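Coordinates as given in work-v9.cif (mmCIF, C-alpha atoms):
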data_coords
#
loop_
_atom_site.label_atom_id
_atom_site.label_comp_id
_atom_site.auth_asym_id
_atom_site.auth_seq_id
_atom_site.Cartn_x
_atom_site.Cartn_y
_atom_site.Cartn_z
CA MET A 1 99.43 101.66 255.74
CA ASN A 2 96.03 100.07 255.30
CA GLN A 3 93.61 101.05 252.55
CA ARG A 4 91.82 103.61 254.71
CA ASP A 5 95.09 105.38 255.60
CA THR A 6 96.02 105.58 251.91
CA LEU A 7 92.65 107.11 251.03
CA VAL A 8 92.97 109.61 253.87
CA HIS A 9 96.36 110.79 252.59
CA LEU A 10 95.05 110.92 249.01
CA PHE A 11 92.08 113.05 250.02
CA ALA A 12 94.07 115.29 252.37
CA GLY A 13 96.78 115.90 249.77
CA GLY A 14 94.18 116.75 247.14
CA CYS A 15 92.38 119.18 249.45
CA GLY A 16 95.59 120.94 250.44
CA GLY A 17 96.77 121.37 246.87
CA THR A 18 93.42 122.63 245.60
CA VAL A 19 92.96 125.27 248.30
CA GLY A 20 96.50 126.57 247.83
CA ALA A 21 96.22 126.71 244.03
CA ILE A 22 92.97 128.72 244.02
CA LEU A 23 94.13 131.32 246.54
CA THR A 24 97.49 131.96 244.88
CA CYS A 25 96.62 131.70 241.17
CA PRO A 26 97.24 135.40 240.27
CA LEU A 27 100.79 135.23 241.58
CA GLU A 28 101.33 132.02 239.62
CA VAL A 29 100.35 133.77 236.37
CA VAL A 30 102.69 136.73 237.02
CA LYS A 31 105.54 134.38 237.91
CA THR A 32 105.11 132.33 234.73
CA ARG A 33 105.03 135.47 232.57
CA LEU A 34 108.26 136.72 234.16
CA GLN A 35 109.99 133.38 233.60
CA SER A 36 109.13 133.18 229.90
CA SER A 37 111.24 134.50 227.04
CA VAL A 38 108.23 136.41 225.68
CA THR A 39 108.16 138.81 228.63
CA ALA A 40 111.79 138.45 229.63
CA VAL A 41 112.46 141.97 228.31
CA TYR A 42 110.36 144.79 227.01
CA ILE A 43 111.29 147.78 224.87
CA SER A 44 111.28 151.26 226.36
CA LYS A 45 111.65 154.37 224.17
CA ILE A 46 113.20 157.43 225.80
CA GLN A 47 113.09 160.74 223.93
CA LEU A 48 116.24 162.84 224.31
CA ASN A 49 116.73 166.45 223.20
CA THR A 50 120.04 167.27 221.50
CA LEU A 51 121.94 170.56 221.65
CA ASN A 52 120.64 171.75 218.27
CA GLY A 53 117.03 171.32 219.37
CA SER A 54 116.31 168.07 217.52
CA SER A 55 115.20 164.97 219.38
CA VAL A 56 116.17 161.32 219.12
CA ASN A 57 114.60 158.17 220.52
CA ARG A 58 116.84 155.86 222.53
CA VAL A 59 115.59 152.29 222.73
CA THR A 60 116.52 150.35 225.84
CA ARG A 61 115.82 146.78 226.86
CA ILE A 62 114.50 146.59 230.42
CA SER A 63 113.62 143.55 232.49
CA PRO A 64 110.04 143.91 233.80
CA GLY A 65 109.40 143.60 237.51
CA PRO A 66 106.46 141.85 239.18
CA ILE A 67 104.50 145.07 239.72
CA HIS A 68 104.98 146.20 236.11
CA CYS A 69 103.99 142.76 234.82
CA LEU A 70 100.87 142.77 237.00
CA LYS A 71 99.93 146.26 235.77
CA MET A 72 100.36 145.28 232.13
CA ILE A 73 98.15 142.21 232.57
CA LEU A 74 95.41 144.24 234.24
CA GLN A 75 95.68 147.08 231.73
CA ASN A 76 95.82 145.04 228.52
CA GLU A 77 94.02 141.80 229.37
CA GLY A 78 91.81 142.47 232.38
CA ALA A 79 91.58 140.91 235.84
CA ARG A 80 90.27 137.60 234.43
CA SER A 81 93.68 136.91 232.93
CA LEU A 82 95.14 136.65 236.43
CA PHE A 83 93.25 133.36 236.68
CA ARG A 84 94.40 131.94 233.33
CA GLY A 85 95.22 128.26 233.69
CA LEU A 86 93.17 127.89 236.87
CA GLY A 87 91.03 125.18 235.27
CA PRO A 88 93.93 122.81 234.53
CA ASN A 89 95.42 123.80 237.88
CA ILE A 90 92.31 122.70 239.76
CA VAL A 91 92.00 119.57 237.61
CA GLY A 92 95.66 118.70 238.09
CA VAL A 93 96.55 119.84 241.58
CA ALA A 94 94.24 117.44 243.42
CA PRO A 95 95.49 114.24 241.70
CA SER A 96 99.06 115.56 241.68
CA ARG A 97 99.15 116.31 245.38
CA ALA A 98 97.11 113.23 246.19
CA ILE A 99 99.54 111.00 244.26
CA TYR A 100 102.47 112.83 245.83
CA PHE A 101 101.35 112.54 249.44
CA ALA A 102 100.18 108.95 249.04
CA ALA A 103 103.50 107.95 247.42
CA TYR A 104 105.45 109.87 250.06
CA SER A 105 103.59 108.33 252.99
CA GLY A 106 103.67 104.82 251.50
CA CYS A 107 107.37 104.98 250.65
CA LYS A 108 108.20 106.39 254.09
CA GLU A 109 106.25 103.59 255.76
CA LYS A 110 108.27 100.95 253.87
CA LEU A 111 111.66 102.66 254.27
CA ASN A 112 111.18 103.01 258.02
CA HIS A 113 111.78 99.24 258.14
CA VAL A 114 114.98 99.60 256.09
CA PHE A 115 116.62 102.71 257.59
CA SER A 116 116.30 104.29 261.02
CA SER A 117 112.70 105.31 261.57
CA ASP A 118 111.95 108.85 260.33
CA SER A 119 115.60 109.45 259.50
CA THR A 120 116.89 111.97 256.94
CA GLN A 121 117.51 109.15 254.45
CA VAL A 122 113.89 108.04 254.72
CA HIS A 123 112.54 111.55 254.08
CA MET A 124 114.93 112.24 251.17
CA VAL A 125 114.23 109.00 249.30
CA SER A 126 110.48 109.19 249.99
CA ALA A 127 110.28 112.77 248.72
CA GLY A 128 112.28 111.87 245.60
CA VAL A 129 110.12 108.85 244.74
CA ALA A 130 106.93 110.81 245.38
CA GLY A 131 108.09 113.70 243.20
CA PHE A 132 109.09 111.41 240.33
CA THR A 133 105.75 109.60 240.47
CA ALA A 134 103.62 112.75 240.53
CA ILE A 135 105.61 114.51 237.77
CA THR A 136 105.42 111.56 235.40
CA ALA A 137 101.67 111.16 235.91
CA THR A 138 100.61 114.81 235.62
CA ASN A 139 103.11 116.62 233.35
CA PRO A 140 100.61 117.03 230.45
CA ILE A 141 98.23 118.96 232.72
CA TRP A 142 100.96 121.39 233.81
CA LEU A 143 102.07 121.95 230.23
CA ILE A 144 98.53 123.01 229.28
CA LYS A 145 98.36 125.26 232.36
CA THR A 146 101.63 127.00 231.39
CA ARG A 147 100.54 127.49 227.77
CA LEU A 148 97.27 129.08 228.92
CA GLN A 149 99.09 131.38 231.34
CA LEU A 150 101.43 132.55 228.57
CA ASP A 151 98.54 133.12 226.13
CA ALA A 152 98.35 136.92 226.36
CA ARG A 153 95.24 138.27 224.62
CA ASN A 154 94.03 141.87 224.75
CA ARG A 155 90.58 142.73 226.05
CA GLY A 156 87.86 141.60 223.70
CA GLN A 157 89.95 138.94 221.97
CA LYS A 158 88.76 135.34 222.18
CA ARG A 159 90.75 133.44 224.76
CA MET A 160 92.19 130.02 223.99
CA SER A 161 90.42 127.28 225.95
CA ALA A 162 92.09 124.27 227.53
CA PHE A 163 90.60 121.95 224.87
CA GLU A 164 91.88 124.19 222.06
CA CYS A 165 95.30 124.17 223.70
CA VAL A 166 95.31 120.37 223.91
CA HIS A 167 94.41 120.12 220.21
CA LYS A 168 97.10 122.67 219.28
CA VAL A 169 99.83 120.84 221.21
CA TYR A 170 98.88 117.46 219.75
CA ARG A 171 98.71 118.82 216.20
CA ALA A 172 102.15 120.45 216.51
CA ASP A 173 104.15 117.81 218.42
CA GLY A 174 101.98 114.75 218.94
CA LEU A 175 101.85 112.95 222.29
CA LYS A 176 105.48 113.77 223.10
CA GLY A 177 104.55 117.46 223.07
CA PHE A 178 102.64 116.98 226.33
CA TYR A 179 105.84 115.93 228.08
CA ARG A 180 107.92 119.01 227.28
CA GLY A 181 109.64 120.37 230.37
CA MET A 182 109.48 117.07 232.22
CA SER A 183 113.29 116.87 232.43
CA ALA A 184 113.32 120.23 234.24
CA SER A 185 110.61 118.96 236.58
CA TYR A 186 112.75 115.93 237.38
CA ALA A 187 115.63 118.30 238.18
CA GLY A 188 113.21 120.11 240.47
CA ILE A 189 112.83 117.00 242.61
CA SER A 190 115.91 118.27 244.45
CA GLU A 191 113.79 121.19 245.68
CA THR A 192 111.14 118.81 246.97
CA VAL A 193 113.70 116.64 248.74
CA ILE A 194 115.30 119.65 250.47
CA HIS A 195 111.85 120.99 251.39
CA PHE A 196 110.62 117.80 253.04
CA VAL A 197 113.86 117.09 254.89
CA ILE A 198 113.75 120.55 256.50
CA TYR A 199 109.98 120.38 257.05
CA GLU A 200 110.07 116.98 258.76
CA SER A 201 113.00 118.08 260.92
CA ILE A 202 111.17 121.22 262.13
CA LYS A 203 107.93 119.25 262.57
CA ARG A 204 109.69 116.60 264.66
CA ARG A 205 111.21 119.28 266.90
CA LEU A 206 107.81 120.95 267.37
CA LEU A 207 106.22 117.62 268.32
CA GLN A 208 109.05 116.84 270.74
CA GLN A 209 108.64 120.22 272.41
CA LYS A 210 104.87 119.71 272.70
CA ALA A 211 105.32 116.21 274.15
CA ALA A 212 107.87 117.49 276.67
CA SER A 213 105.53 120.33 277.66
CA ALA A 214 102.63 117.88 278.11
CA MET A 215 104.76 115.62 280.30
CA ASP A 216 105.82 118.52 282.49
CA SER A 217 102.21 119.59 283.02
CA ASP A 218 100.88 116.00 283.28
CA GLU A 219 98.23 116.81 280.64
CA GLU A 220 97.21 114.77 277.61
CA SER A 221 98.69 116.13 274.36
CA VAL A 222 95.95 117.31 271.99
CA LYS A 223 95.96 119.27 268.76
CA GLU A 224 95.49 123.01 269.20
CA ALA A 225 95.31 125.99 266.83
CA SER A 226 98.92 126.85 267.69
CA ASP A 227 100.00 123.43 266.38
CA PHE A 228 98.64 124.21 262.92
CA VAL A 229 100.29 127.65 262.99
CA GLY A 230 103.54 125.87 263.79
CA MET A 231 103.06 123.52 260.84
CA MET A 232 102.42 126.50 258.54
CA LEU A 233 105.60 128.24 259.70
CA ALA A 234 107.58 125.02 259.30
CA ALA A 235 106.28 124.56 255.75
CA ALA A 236 106.96 128.20 254.83
CA THR A 237 110.52 128.12 256.20
CA SER A 238 111.45 124.83 254.55
CA LYS A 239 109.98 125.83 251.18
CA THR A 240 111.78 129.19 251.15
CA CYS A 241 115.15 127.51 251.65
CA ALA A 242 114.48 124.82 249.05
CA THR A 243 113.09 127.21 246.42
CA SER A 244 115.99 129.65 246.68
CA ILE A 245 118.47 126.83 246.07
CA ALA A 246 116.70 125.04 243.19
CA TYR A 247 114.85 127.91 241.46
CA PRO A 248 116.64 127.91 238.03
CA HIS A 249 114.85 124.69 237.04
CA GLU A 250 111.57 126.67 237.15
CA VAL A 251 112.78 129.13 234.51
CA VAL A 252 114.13 126.31 232.32
CA ARG A 253 110.83 124.41 232.58
CA THR A 254 108.75 127.42 231.54
CA ARG A 255 111.01 128.06 228.54
CA LEU A 256 110.75 124.42 227.45
CA ARG A 257 106.96 124.58 227.60
CA GLU A 258 106.63 127.71 225.46
CA GLU A 259 104.91 127.40 222.10
CA GLY A 260 107.21 127.27 219.07
CA THR A 261 110.20 127.49 221.34
CA LYS A 262 113.87 127.36 220.41
CA TYR A 263 114.53 125.53 223.65
CA ARG A 264 114.80 121.75 223.24
CA ALA A 265 116.47 120.11 226.25
CA PHE A 266 117.29 120.93 229.87
CA PHE A 267 121.01 121.68 229.62
CA GLN A 268 120.68 123.27 226.17
CA THR A 269 118.06 125.64 227.57
CA LEU A 270 120.09 126.37 230.68
CA SER A 271 123.14 127.23 228.57
CA LEU A 272 121.17 129.32 226.07
CA VAL A 273 119.39 131.38 228.72
CA VAL A 274 122.70 132.18 230.45
CA LYS A 275 124.38 133.01 227.14
CA GLU A 276 121.65 135.33 225.87
CA GLU A 277 120.40 136.91 229.11
CA GLY A 278 123.02 136.31 231.80
CA TYR A 279 122.98 134.34 235.04
CA ALA A 280 120.52 136.72 236.69
CA SER A 281 117.83 135.58 234.24
CA LEU A 282 117.83 132.15 235.91
CA TYR A 283 116.27 133.84 238.93
CA ARG A 284 113.74 135.92 237.04
CA GLY A 285 110.43 135.87 238.90
CA LEU A 286 111.96 134.47 242.11
CA THR A 287 110.47 137.21 244.29
CA THR A 288 106.98 136.59 242.90
CA HIS A 289 107.52 132.85 243.19
CA LEU A 290 108.41 133.16 246.87
CA PHE A 291 105.47 135.46 247.56
CA ARG A 292 103.24 132.81 246.00
CA GLN A 293 105.00 129.67 247.17
CA ILE A 294 105.27 130.56 250.84
CA PRO A 295 101.53 131.04 251.44
CA ASN A 296 100.67 128.27 248.96
CA THR A 297 102.91 125.73 250.70
CA ALA A 298 101.84 126.84 254.16
CA ILE A 299 98.15 126.57 253.18
CA MET A 300 98.68 123.23 251.44
CA MET A 301 100.64 121.57 254.25
CA SER A 302 98.44 122.89 257.05
CA THR A 303 95.29 121.84 255.17
CA TYR A 304 96.84 118.40 254.61
CA GLU A 305 97.70 118.01 258.30
CA LEU A 306 94.26 119.32 259.37
CA VAL A 307 92.33 116.97 257.07
CA VAL A 308 94.41 113.96 258.14
CA TYR A 309 93.83 114.87 261.79
CA LEU A 310 90.06 115.34 261.34
CA LEU A 311 89.62 112.11 259.38
CA ASN A 312 91.71 110.09 261.82
CA GLY A 313 89.86 111.56 264.80
#
Translate this file's structure into structure tokens.
Amino acid sequence: MNQRDTLVHLFAGGCGGTVGAILTCPLEVVKTRLQSSVTAVYISKIQLNTLNGSSVNRVTRISPGPIHCLKMILQNEGARSLFRGLGPNIVGVAPSRAIYFAAYSGCKEKLNHVFSSDSTQVHMVSAGVAGFTAITATNPIWLIKTRLQLDARNRGQKRMSAFECVHKVYRADGLKGFYRGMSASYAGISETVIHFVIYESIKRRLLQQKAASAMDSDEESVKEASDFVGMMLAAATSKTCATSIAYPHEVVRTRLREEGTKYRAFFQTLSLVVKEEGYASLYRGLTTHLFRQIPNTAIMMSTYELVVYLLNG
């Protein structure tokens, strides 16, 4: 790619990530709360009447669902809390996605001369390299975002700002504190690889069908609204498959980023979560994550494709 192509992919990736992050922020907050150990269970008191007329309280531990979590946030913290961490998200998503798409496109361009052009190997390696590059560069931003999303304050209480969070993390753990959870993010590269392999496969089939249709009708192939709908469906399908397979790394990453956490490393956290809460806890918040990730990915990828198309004429 020449310099202009690189800038186009940088800008398009940043636009796609920013639009998706803003529109799906409330679901991101609910998902993060469900993944954390703080809201992993809540206590419910049930009053029971005995035969002699006295009453006892039975305490049960219940896993909160997405709707309950959303209600508690609105009731105790207000609607503004559904946008906690949006600042770091906006600051981070543009460079993160820009770096990702630029690295992905650049790596794919080079690997097309090594492997068969646009082969599965090219997409897998390109997605892996792009994910590693973006994670390493932007992990501190995502740690701050997660801390802010987990900072539950009742109405009227002063909310922790991003700058206060940065100071708190540095004071407690130094510079290394900003890279907590990065090992889980590296494990999550597998999700990205699966996503892009499926996405590129569906995209290639859609383009082949369009080209064949254009040849049959002897018309020039041009971008239409239906093409972008197809890209959105391709992105949503591929991301759903990838997320369902690789989701546990999300829970582990959130636990590692918690303040004052007992979780220290990827496999230690994975083992501890299973031991204390069972295997089902590794998929806590998956439903909310899918409800957020599907539209977010579809919006991001379609925006990316649209911007690239508009800038390239």
| task | Go ahead and compute the interatomic distance for CA of Lys31 (chain A) and CA of Arg80 (chain A), in Å to one decimal. | result |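 Separating CA of Lys31 (chain A) from CA of Arg80 (chain A) is a distance of 16.0 Å.
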| Pick the closest to Ser37 (chain A) from A:His123, A:Arg84, A:Lys145, A:Arg253: which is it, counting all atoms listed in the file? | A:Arg253
| Can you tell me, as a list in words, what residues are no more than 8 Å from Val93 (chain A) when counting all atoms listed in the file, ignoring any on the same chain fewer than 2 positions away? | Gly14, Gly17, Thr18, Ala21, Asn89, Ile90, Val91, Pro95, Ser96 and Arg97 of chain A
| said: Under the PyMOL selection byres ((chain A and resi 302-312) around 10), which residues of this model are included? Write them out as a ChimeraX atom specification. | reply: /A:4-5,8-20,97-98,101,223,227-235,296-301,313
For those residues, write C-alpha atoms to a file as a PDB file, in the frame of the given file.
ATOM      1  CA  ARG A   4      91.820 103.610 254.710  1.00  0.00           C
ATOM      2  CA  ASP A   5      95.090 105.380 255.600  1.00  0.00           C
ATOM      3  CA  VAL A   8      92.970 109.610 253.870  1.00  0.00           C
ATOM      4  CA  HIS A   9      96.360 110.790 252.590  1.00  0.00           C
ATOM      5  CA  LEU A  10      95.050 110.920 249.010  1.00  0.00           C
ATOM      6  CA  PHE A  11      92.080 113.050 250.020  1.00  0.00           C
ATOM      7  CA  ALA A  12      94.070 115.290 252.370  1.00  0.00           C
ATOM      8  CA  GLY A  13      96.780 115.900 249.770  1.00  0.00           C
ATOM      9  CA  GLY A  14      94.180 116.750 247.140  1.00  0.00           C
ATOM     10  CA  CYS A  15      92.380 119.180 249.450  1.00  0.00           C
ATOM     11  CA  GLY A  16      95.590 120.940 250.440  1.00  0.00           C
ATOM     12  CA  GLY A  17      96.770 121.370 246.870  1.00  0.00           C
ATOM     13  CA  THR A  18      93.420 122.630 245.600  1.00  0.00           C
ATOM     14  CA  VAL A  19      92.960 125.270 248.300  1.00  0.00           C
ATOM     15  CA  GLY A  20      96.500 126.570 247.830  1.00  0.00           C
ATOM     16  CA  ARG A  97      99.150 116.310 245.380  1.00  0.00           C
ATOM     17  CA  ALA A  98      97.110 113.230 246.190  1.00  0.00           C
ATOM     18  CA  PHE A 101     101.350 112.540 249.440  1.00  0.00           C
ATOM     19  CA  LYS A 223      95.960 119.270 268.760  1.00  0.00           C
ATOM     20  CA  ASP A 227     100.000 123.430 266.380  1.00  0.00           C
ATOM     21  CA  PHE A 228      98.640 124.210 262.920  1.00  0.00           C
ATOM     22  CA  VAL A 229     100.290 127.650 262.990  1.00  0.00           C
ATOM     23  CA  GLY A 230     103.540 125.870 263.790  1.00  0.00           C
ATOM     24  CA  MET A 231     103.060 123.520 260.840  1.00  0.00           C
ATOM     25  CA  MET A 232     102.420 126.500 258.540  1.00  0.00           C
ATOM     26  CA  LEU A 233     105.600 128.240 259.700  1.00  0.00           C
ATOM     27  CA  ALA A 234     107.580 125.020 259.300  1.00  0.00           C
ATOM     28  CA  ALA A 235     106.280 124.560 255.750  1.00  0.00           C
ATOM     29  CA  ASN A 296     100.670 128.270 248.960  1.00  0.00           C
ATOM     30  CA  THR A 297     102.910 125.730 250.700  1.00  0.00           C
ATOM     31  CA  ALA A 298     101.840 126.840 254.160  1.00  0.00           C
ATOM     32  CA  ILE A 299      98.150 126.570 253.180  1.00  0.00           C
ATOM     33  CA  MET A 300      98.680 123.230 251.440  1.00  0.00           C
ATOM     34  CA  MET A 301     100.640 121.570 254.250  1.00  0.00           C
ATOM     35  CA  GLY A 313      89.860 111.560 264.800  1.00  0.00           C
TER      36      GLY A 313
END
| message | Residues near region 162-165 of chain A, anyone? I mean within 8 Å using only C-alpha atoms, not counting same-chain ones fewer than 6 positions away, as number ranges by chain. | response | A: 85, 87-88, 144-145, 147-148
Just-selected residues, C-alpha atoms written as an mmCIF file, keeping the file's coordinate frame:
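Below is the file part34.cif, written as the result:
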data_model
loop_
_atom_site.group_PDB
_atom_site.id
_atom_site.type_symbol
_atom_site.label_atom_id
_atom_site.label_comp_id
_atom_site.auth_asym_id
_atom_site.auth_seq_id
_atom_site.Cartn_x
_atom_site.Cartn_y
_atom_site.Cartn_z
ATOM 1 C CA GLY A 85 95.220 128.260 233.690
ATOM 2 C CA GLY A 87 91.030 125.180 235.270
ATOM 3 C CA PRO A 88 93.930 122.810 234.530
ATOM 4 C CA ILE A 144 98.530 123.010 229.280
ATOM 5 C CA LYS A 145 98.360 125.260 232.360
ATOM 6 C CA ARG A 147 100.540 127.490 227.770
ATOM 7 C CA LEU A 148 97.270 129.080 228.920
#
| query | Got a sec to resolve the PyMOL selection byres ((chain A and resi 248) around 10) on this structure and send the residues as a ChimeraX atom specification? | reply | /A:35,184,187-188,243-247,249-253,270,279-284,286
| message | Report, in Å with one decimal, the straight-line distance from CA of Thr24 (chain A) to CA of Lys158 (chain A). | response | 24.6 Å
| By how many Å are CA of Gly260 (chain A) and CA of Gln75 (chain A) apart? |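 Atom-to-atom, CA of Gly260 (chain A) and CA of Gln75 (chain A) are spaced 26.2 Å apart.
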| field | For Gly131 (chain A), the nearest of the candidates A:Thr192, A:Cys25, A:Asp151, A:Ser117, counting all atoms listed in the file | value |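 Checking each candidate against Gly131 (chain A), we get A:Thr192 as the closest.
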| message | Restricting the calculation to only C-alpha atoms: of A:Ile73, A:Ala79, A:Ile67, A:Leu7, which residue gets closest to Ser105 (chain A)? | response | A:Leu7
| query | Got a sec to resolve the PyMOL selection byres ((chain A and resi 130) around 6) on this structure and send the residues as a list in words? | reply |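 Residues picked by the PyMOL selection byres ((chain A and resi 130) around 6): Tyr100, Ala103, Tyr104, Ala127, Gly128, Val129, Gly131, Phe132 and Thr133 of chain A.
Ranking A:Cys241, A:Ala236, A:Val38, A:Met72 by their shortest atom-to-atom distance to Lys203 (chain A), with all atoms listed in the file included, puts A:Ala236 first.
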Box for region 286-305 of chain A - axis-aligned, 3 Å on each of the six sides, all listed atoms - centre and size in Å to one decimal, as JSON.
{"center_x": 103.6, "center_y": 127.6, "center_z": 250.2, "size_x": 22.7, "size_y": 25.2, "size_z": 22.2}
| message | With distances taken over all atoms listed in the file, which residue among A:Lys176, A:His113, A:Arg264, A:Arg33 lies nearest Pro140 (chain A)? | response |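 Selected residue with least distance to Pro140 (chain A): A:Lys176.
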| Residue among A:Thr138, A:Thr32, A:Gln149, A:Thr237 lying closest to Phe178 (chain A), counting all atoms listed in the file | A:Thr138
| Do you know which residues are at most 12 Å from Gln121 (chain A) counting all atoms listed in the file, after dropping those on the same chain fewer than 2 positions away, and could you put them as number ranges by chain? | A: 107-108, 111-112, 114-119, 123-128, 193-194, 196-197, 200-201
| said: Residues near Gln157 (chain A), anyone? I mean within 12 Å using all atoms listed in the file, not counting same-chain ones fewer than 4 positions away, as a PyMOL selection string. | reply: chain A and resi 76-78+81+151-153
| said: What's around Glu259 (chain A) at 9 Å? Count only C-alpha atoms, leave out sequence neighbours fewer than 3 positions away in its own chain, and write the answer as an NGL selection string. | reply: :A and (147 or 150 or 169 or 255-256)
